[in-house]
$ cat upload10.pdb   # PDB, C-alpha atoms, pLDDT in the B column
ATOM      1  CA  MET A   1      70.985 108.536  96.408  1.00 43.00           C
ATOM      2  CA  SER A   2      72.679 111.916  96.570  1.00 45.00           C
ATOM      3  CA  SER A   3      75.579 113.169  94.536  1.00 46.00           C
ATOM      4  CA  ALA A   4      78.128 115.947  94.665  1.00 50.00           C
ATOM      5  CA  PRO A   5      77.091 119.317  93.198  1.00 57.00           C
ATOM      6  CA  GLY A   6      77.342 119.248  89.422  1.00 55.00           C
ATOM      7  CA  LEU A   7      77.206 115.458  89.255  1.00 48.00           C
ATOM      8  CA  SER A   8      74.086 113.537  88.453  1.00 47.00           C
ATOM      9  CA  PRO A   9      73.415 110.353  90.424  1.00 50.00           C
ATOM     10  CA  ILE A  10      74.079 107.042  88.737  1.00 51.00           C
ATOM     11  CA  ASN A  11      70.934 104.959  88.426  1.00 56.00           C
ATOM     12  CA  VAL A  12      71.698 101.297  88.924  1.00 53.00           C
ATOM     13  CA  VAL A  13      69.415  99.481  86.525  1.00 70.00           C
ATOM     14  CA  SER A  14      71.387  96.937  84.571  1.00 91.00           C
ATOM     15  CA  TYR A  15      74.781  95.955  83.253  1.00 96.00           C
ATOM     16  CA  GLN A  16      76.517  98.531  81.076  1.00 97.00           C
ATOM     17  CA  SER A  17      79.937  97.465  79.850  1.00 96.00           C
ATOM     18  CA  GLY A  18      82.748  99.624  81.133  1.00 96.00           C
ATOM     19  CA  GLU A  19      80.294 101.648  83.212  1.00 96.00           C
ATOM     20  CA  CYS A  20      78.240  99.601  85.661  1.00 97.00           C
ATOM     21  CA  ASN A  21      78.582  95.935  86.561  1.00 97.00           C
ATOM     22  CA  ILE A  22      77.242  95.670  90.131  1.00 97.00           C
ATOM     23  CA  GLY A  23      73.921  96.259  91.832  1.00 97.00           C
ATOM     24  CA  PRO A  24      72.977  97.618  95.264  1.00 97.00           C
ATOM     25  CA  GLU A  25      74.156  94.665  97.384  1.00 97.00           C
ATOM     26  CA  GLU A  26      77.567  94.537  95.709  1.00 97.00           C
ATOM     27  CA  ILE A  27      77.881  98.332  95.921  1.00 97.00           C
ATOM     28  CA  ALA A  28      77.200  98.196  99.660  1.00 97.00           C
ATOM     29  CA  ARG A  29      79.856  95.481 100.007  1.00 98.00           C
ATOM     30  CA  ARG A  30      82.442  97.666  98.215  1.00 98.00           C
ATOM     31  CA  ARG A  31      81.532 100.673 100.370  1.00 98.00           C
ATOM     32  CA  ARG A  32      81.986  98.562 103.532  1.00 98.00           C
ATOM     33  CA  SER A  33      85.411  97.464 102.325  1.00 98.00           C
ATOM     34  CA  GLY A  34      86.301 101.124 101.812  1.00 98.00           C
ATOM     35  CA  HIS A  35      85.215 101.901 105.377  1.00 98.00           C
ATOM     36  CA  ILE A  36      87.201  98.967 106.755  1.00 98.00           C
ATOM     37  CA  GLY A  37      90.302  99.991 104.800  1.00 98.00           C
ATOM     38  CA  LEU A  38      89.985 103.535 106.109  1.00 98.00           C
ATOM     39  CA  VAL A  39      89.714 102.375 109.724  1.00 98.00           C
ATOM     40  CA  VAL A  40      92.693 100.050 109.267  1.00 98.00           C
ATOM     41  CA  SER A  41      94.721 102.860 107.653  1.00 98.00           C
ATOM     42  CA  VAL A  42      94.042 105.230 110.536  1.00 98.00           C
ATOM     43  CA  ALA A  43      94.829 102.498 113.077  1.00 98.00           C
ATOM     44  CA  VAL A  44      98.104 101.557 111.352  1.00 98.00           C
ATOM     45  CA  PHE A  45      99.149 105.202 111.136  1.00 98.00           C
ATOM     46  CA  ALA A  46      98.299 105.792 114.813  1.00 97.00           C
ATOM     47  CA  LEU A  47     100.180 102.642 115.833  1.00 98.00           C
ATOM     48  CA  LEU A  48     103.263 103.624 113.850  1.00 97.00           C
ATOM     49  CA  LEU A  49     103.219 107.056 115.490  1.00 97.00           C
ATOM     50  CA  ALA A  50     102.652 105.574 118.955  1.00 96.00           C
ATOM     51  CA  ILE A  51     105.641 103.245 118.712  1.00 96.00           C
ATOM     52  CA  ALA A  52     107.789 105.935 117.071  1.00 96.00           C
ATOM     53  CA  ALA A  53     108.450 103.682 114.078  1.00 96.00           C
ATOM     54  CA  PRO A  54     110.807 105.016 111.404  1.00 97.00           C
ATOM     55  CA  HIS A  55     109.166 107.305 108.882  1.00 96.00           C
ATOM     56  CA  TRP A  56     109.683 104.852 106.012  1.00 97.00           C
ATOM     57  CA  THR A  57     107.429 102.290 107.743  1.00 98.00           C
ATOM     58  CA  ARG A  58     104.485 104.602 107.071  1.00 98.00           C
ATOM     59  CA  LEU A  59     104.726 103.453 103.475  1.00 98.00           C
ATOM     60  CA  ALA A  60     102.655 100.486 104.679  1.00 98.00           C
ATOM     61  CA  LEU A  61      99.724 102.851 104.273  1.00 98.00           C
ATOM     62  CA  VAL A  62     100.082 102.433 100.510  1.00 98.00           C
ATOM     63  CA  LEU A  63      98.425  99.033 100.886  1.00 98.00           C
ATOM     64  CA  THR A  64      95.700  99.907 103.367  1.00 98.00           C
ATOM     65  CA  ALA A  65      94.826 103.294 101.861  1.00 98.00           C
ATOM     66  CA  GLY A  66      94.959 101.853  98.351  1.00 98.00           C
ATOM     67  CA  GLY A  67      92.587  99.087  99.413  1.00 98.00           C
ATOM     68  CA  SER A  68      90.248 101.600 100.989  1.00 98.00           C
ATOM     69  CA  ALA A  69      90.333 103.769  97.874  1.00 98.00           C
ATOM     70  CA  SER A  70      89.567 100.739  95.734  1.00 98.00           C
ATOM     71  CA  GLY A  71      86.456  99.942  97.753  1.00 98.00           C
ATOM     72  CA  TYR A  72      85.219 103.519  97.659  1.00 98.00           C
ATOM     73  CA  LEU A  73      85.935 103.941  93.940  1.00 98.00           C
ATOM     74  CA  GLN A  74      84.166 100.714  93.060  1.00 98.00           C
ATOM     75  CA  ALA A  75      81.140 101.759  95.119  1.00 98.00           C
ATOM     76  CA  ARG A  76      81.093 105.236  93.573  1.00 98.00           C
ATOM     77  CA  PHE A  77      81.372 103.971  89.996  1.00 98.00           C
ATOM     78  CA  HIS A  78      79.087 100.963  90.581  1.00 98.00           C
ATOM     79  CA  PHE A  79      81.790  98.855  89.042  1.00 98.00           C
ATOM     80  CA  CYS A  80      83.699  95.932  90.546  1.00 98.00           C
ATOM     81  CA  ALA A  81      87.248  95.832  89.217  1.00 98.00           C
ATOM     82  CA  GLY A  82      87.568  92.121  89.975  1.00 97.00           C
ATOM     83  CA  PHE A  83      84.339  91.332  88.150  1.00 98.00           C
ATOM     84  CA  GLY A  84      85.431  93.485  85.214  1.00 98.00           C
ATOM     85  CA  ALA A  85      88.752  91.665  84.990  1.00 97.00           C
ATOM     86  CA  SER A  86      86.972  88.300  85.241  1.00 97.00           C
ATOM     87  CA  GLY A  87      84.269  89.072  82.682  1.00 97.00           C
ATOM     88  CA  VAL A  88      81.268  88.838  85.002  1.00 98.00           C
ATOM     89  CA  TYR A  89      78.650  91.126  86.570  1.00 97.00           C
ATOM     90  CA  ASN A  90      76.077  90.900  89.382  1.00 97.00           C
ATOM     91  CA  PHE A  91      72.838  92.766  89.998  1.00 96.00           C
ATOM     92  CA  GLY A  92      71.313  90.041  92.155  1.00 94.00           C
ATOM     93  CA  PRO A  93      72.104  88.550  95.538  1.00 95.00           C
ATOM     94  CA  LEU A  94      75.718  88.470  96.727  1.00 95.00           C
ATOM     95  CA  GLY A  95      77.658  85.535  95.358  1.00 91.00           C
ATOM     96  CA  THR A  96      75.777  85.203  92.063  1.00 93.00           C
ATOM     97  CA  VAL A  97      77.303  86.375  88.809  1.00 96.00           C
ATOM     98  CA  GLN A  98      76.437  86.459  85.135  1.00 96.00           C
ATOM     99  CA  LYS A  99      79.031  85.990  82.421  1.00 97.00           C
ATOM    100  CA  VAL A 100      79.771  88.787  79.938  1.00 97.00           C
ATOM    101  CA  VAL A 101      79.765  87.106  76.541  1.00 96.00           C
ATOM    102  CA  ASP A 102      80.502  90.011  74.174  1.00 97.00           C
ATOM    103  CA  PRO A 103      84.293  90.338  73.645  1.00 97.00           C
ATOM    104  CA  ALA A 104      84.059  94.115  73.103  1.00 97.00           C
ATOM    105  CA  ALA A 105      82.128  94.513  76.363  1.00 97.00           C
ATOM    106  CA  ARG A 106      84.731  92.407  78.190  1.00 98.00           C
ATOM    107  CA  ALA A 107      87.489  94.641  76.799  1.00 98.00           C
ATOM    108  CA  ARG A 108      85.682  97.774  78.046  1.00 98.00           C
ATOM    109  CA  ASP A 109      85.269  96.145  81.449  1.00 98.00           C
ATOM    110  CA  ARG A 110      88.967  95.226  81.637  1.00 98.00           C
ATOM    111  CA  LEU A 111      89.924  98.802  80.794  1.00 98.00           C
ATOM    112  CA  LYS A 112      87.643 100.186  83.523  1.00 98.00           C
ATOM    113  CA  SER A 113      89.149  97.660  85.963  1.00 98.00           C
ATOM    114  CA  LEU A 114      92.648  98.839  85.099  1.00 98.00           C
ATOM    115  CA  LYS A 115      91.618 102.468  85.590  1.00 98.00           C
ATOM    116  CA  ILE A 116      90.166 101.729  89.027  1.00 98.00           C
ATOM    117  CA  GLY A 117      93.293  99.784  89.957  1.00 98.00           C
ATOM    118  CA  ALA A 118      95.590 102.573  88.783  1.00 98.00           C
ATOM    119  CA  ALA A 119      93.573 105.231  90.609  1.00 98.00           C
ATOM    120  CA  SER A 120      93.567 103.150  93.804  1.00 98.00           C
ATOM    121  CA  LEU A 121      97.316 102.669  93.577  1.00 98.00           C
ATOM    122  CA  ALA A 122      97.872 106.393  92.965  1.00 98.00           C
ATOM    123  CA  ILE A 123      95.756 107.306  95.983  1.00 98.00           C
ATOM    124  CA  GLY A 124      97.539 104.719  98.139  1.00 98.00           C
ATOM    125  CA  LEU A 125     100.944 105.986  97.004  1.00 98.00           C
ATOM    126  CA  ALA A 126      99.992 109.600  97.679  1.00 98.00           C
ATOM    127  CA  ILE A 127      98.822 108.774 101.195  1.00 98.00           C
ATOM    128  CA  GLY A 128     101.728 106.458 101.994  1.00 98.00           C
ATOM    129  CA  ILE A 129     104.365 108.839 100.697  1.00 98.00           C
ATOM    130  CA  GLY A 130     102.648 111.802 102.318  1.00 98.00           C
ATOM    131  CA  ALA A 131     102.561 109.989 105.658  1.00 97.00           C
ATOM    132  CA  ALA A 132     106.231 109.017 105.335  1.00 97.00           C
ATOM    133  CA  LEU A 133     107.197 112.616 104.651  1.00 97.00           C
ATOM    134  CA  LEU A 134     105.291 114.029 107.626  1.00 96.00           C
ATOM    135  CA  PRO A 135     107.772 115.341 110.198  1.00 92.00           C
ATOM    136  CA  ILE A 136     105.733 113.914 113.077  1.00 86.00           C
ATOM    137  CA  ARG A 137     107.799 111.709 115.371  1.00 75.00           C
TER     138      ARG A 137
END

$ encode --input "upload10.pdb" --output "structure tokens"
Amino acid sequence: MSSAPGLSPINVVSYQSGECNIGPEEIARRRRSGHIGLVVSVAVFALLLAIAAPHWTRLALVLTAGGSASGYLQARFHFCAGFGASGVYNFGPLGTVQKVVDPAARARDRLKSLKIGAASLAIGLAIGIGAALLPIR
């Protein structure tokens, strides 16, 4: 696994509250959802340009780009926001989860989930608003 210069790679070994709650299979699933969201975002943007839709309709990209960002962020941080909010984790096969029993660990997981959600929303808003403001007709 490679990482950006100055960043050390995250080793996926086990559950760490607020830091890592998914293993390799779940990470791959989140990365795929990021890829799908990116493709959908580009397709929606291209379609809106092709049909000369009003600029404000490009705000639809908030949803698709935000979803894509969520997938990529969850894969990068090895942390599923949905699992964190639900109090579970998974390092095994897809579809199996373990319950987080420690209340303090659950609180850390919920906070990380909120941070990922807020970051995804911010990215989606930036892309949607940026696309709406583009003078392209």

$ closest_residue --input "upload10.pdb" --among "A:Gly34, A:Pro103, A:Gly23, A:Pro54" --to "Leu134 (chain A)" --atoms "all atoms listed in the file"
A:Pro54

$ closest_residue --input "upload10.pdb" --among "A:Ile116, A:Ser17, A:Leu49, A:Ile136" --to "Val101 (chain A)" --atoms "only C-alpha atoms"
A:Ser17

$ resolve_selection --input "upload10.pdb" --expression "the PyMOL selection byres ((chain A and resi 111) around 12)" --output "compact mmCIF listing (two decimals) with C-alpha atoms, in the coordinates of the input"
# COMPACT_ATOMS: atom_id res chain seq x y z
CA SER A 17 79.94 97.46 79.85
CA GLY A 18 82.75 99.62 81.13
CA GLU A 19 80.29 101.65 83.21
CA PHE A 79 81.79 98.86 89.04
CA CYS A 80 83.70 95.93 90.55
CA ALA A 81 87.25 95.83 89.22
CA GLY A 82 87.57 92.12 89.98
CA PHE A 83 84.34 91.33 88.15
CA GLY A 84 85.43 93.48 85.21
CA ALA A 85 88.75 91.66 84.99
CA SER A 86 86.97 88.30 85.24
CA GLY A 87 84.27 89.07 82.68
CA ALA A 104 84.06 94.12 73.10
CA ALA A 105 82.13 94.51 76.36
CA ARG A 106 84.73 92.41 78.19
CA ALA A 107 87.49 94.64 76.80
CA ARG A 108 85.68 97.77 78.05
CA ASP A 109 85.27 96.14 81.45
CA ARG A 110 88.97 95.23 81.64
CA LYS A 112 87.64 100.19 83.52
CA SER A 113 89.15 97.66 85.96
CA LEU A 114 92.65 98.84 85.10
CA LYS A 115 91.62 102.47 85.59
CA ILE A 116 90.17 101.73 89.03
CA GLY A 117 93.29 99.78 89.96
CA ALA A 118 95.59 102.57 88.78

$ residues_around --input "upload10.pdb" --residues "Val39 (chain A)" --least-positions-apart "4" --cutoff "10 Å" --atoms "all atoms listed in the file" --output "list in words"
Ser33, Gly34, His35, Ala43, Val44, Phe45, Thr64, Ala65 and Ser68 of chain A

$ residues_around --input "upload10.pdb" --residues "Ala69 (chain A)" --least-positions-apart "2" --cutoff "9 Å" --atoms "all atoms listed in the file" --output "CSV table (one decimal) with C-alpha atoms, in the coordinates of the input"
chain,number,residue,atom,x,y,z
A,34,GLY,CA,86.3,101.1,101.8
A,37,GLY,CA,90.3,100.0,104.8
A,38,LEU,CA,90.0,103.5,106.1
A,64,THR,CA,95.7,99.9,103.4
A,65,ALA,CA,94.8,103.3,101.9
A,66,GLY,CA,95.0,101.9,98.4
A,67,GLY,CA,92.6,99.1,99.4
A,71,GLY,CA,86.5,99.9,97.8
A,72,TYR,CA,85.2,103.5,97.7
A,73,LEU,CA,85.9,103.9,93.9
A,74,GLN,CA,84.2,100.7,93.1
A,119,ALA,CA,93.6,105.2,90.6
A,120,SER,CA,93.6,103.2,93.8
A,121,LEU,CA,97.3,102.7,93.6
A,123,ILE,CA,95.8,107.3,96.0
A,124,GLY,CA,97.5,104.7,98.1

$ atom_distance --input "upload10.pdb" --atom1 "CA of Gly128 (chain A)" --atom2 "CA of Ser70 (chain A)"
14.8 Å

$ atom_distance --input "upload10.pdb" --atom1 "CA of Leu63 (chain A)" --atom2 "CA of Ile127 (chain A)"
9.8 Å

$ residues_around --input "upload10.pdb" --residues "Tyr15 (chain A)" --least-positions-apart "4" --cutoff "9 Å" --atoms "only C-alpha atoms" --output "list in words"
Glu19, Cys20, Asn21, Ile22, Gly23, Tyr89, Asn90 and Phe91 of chain A
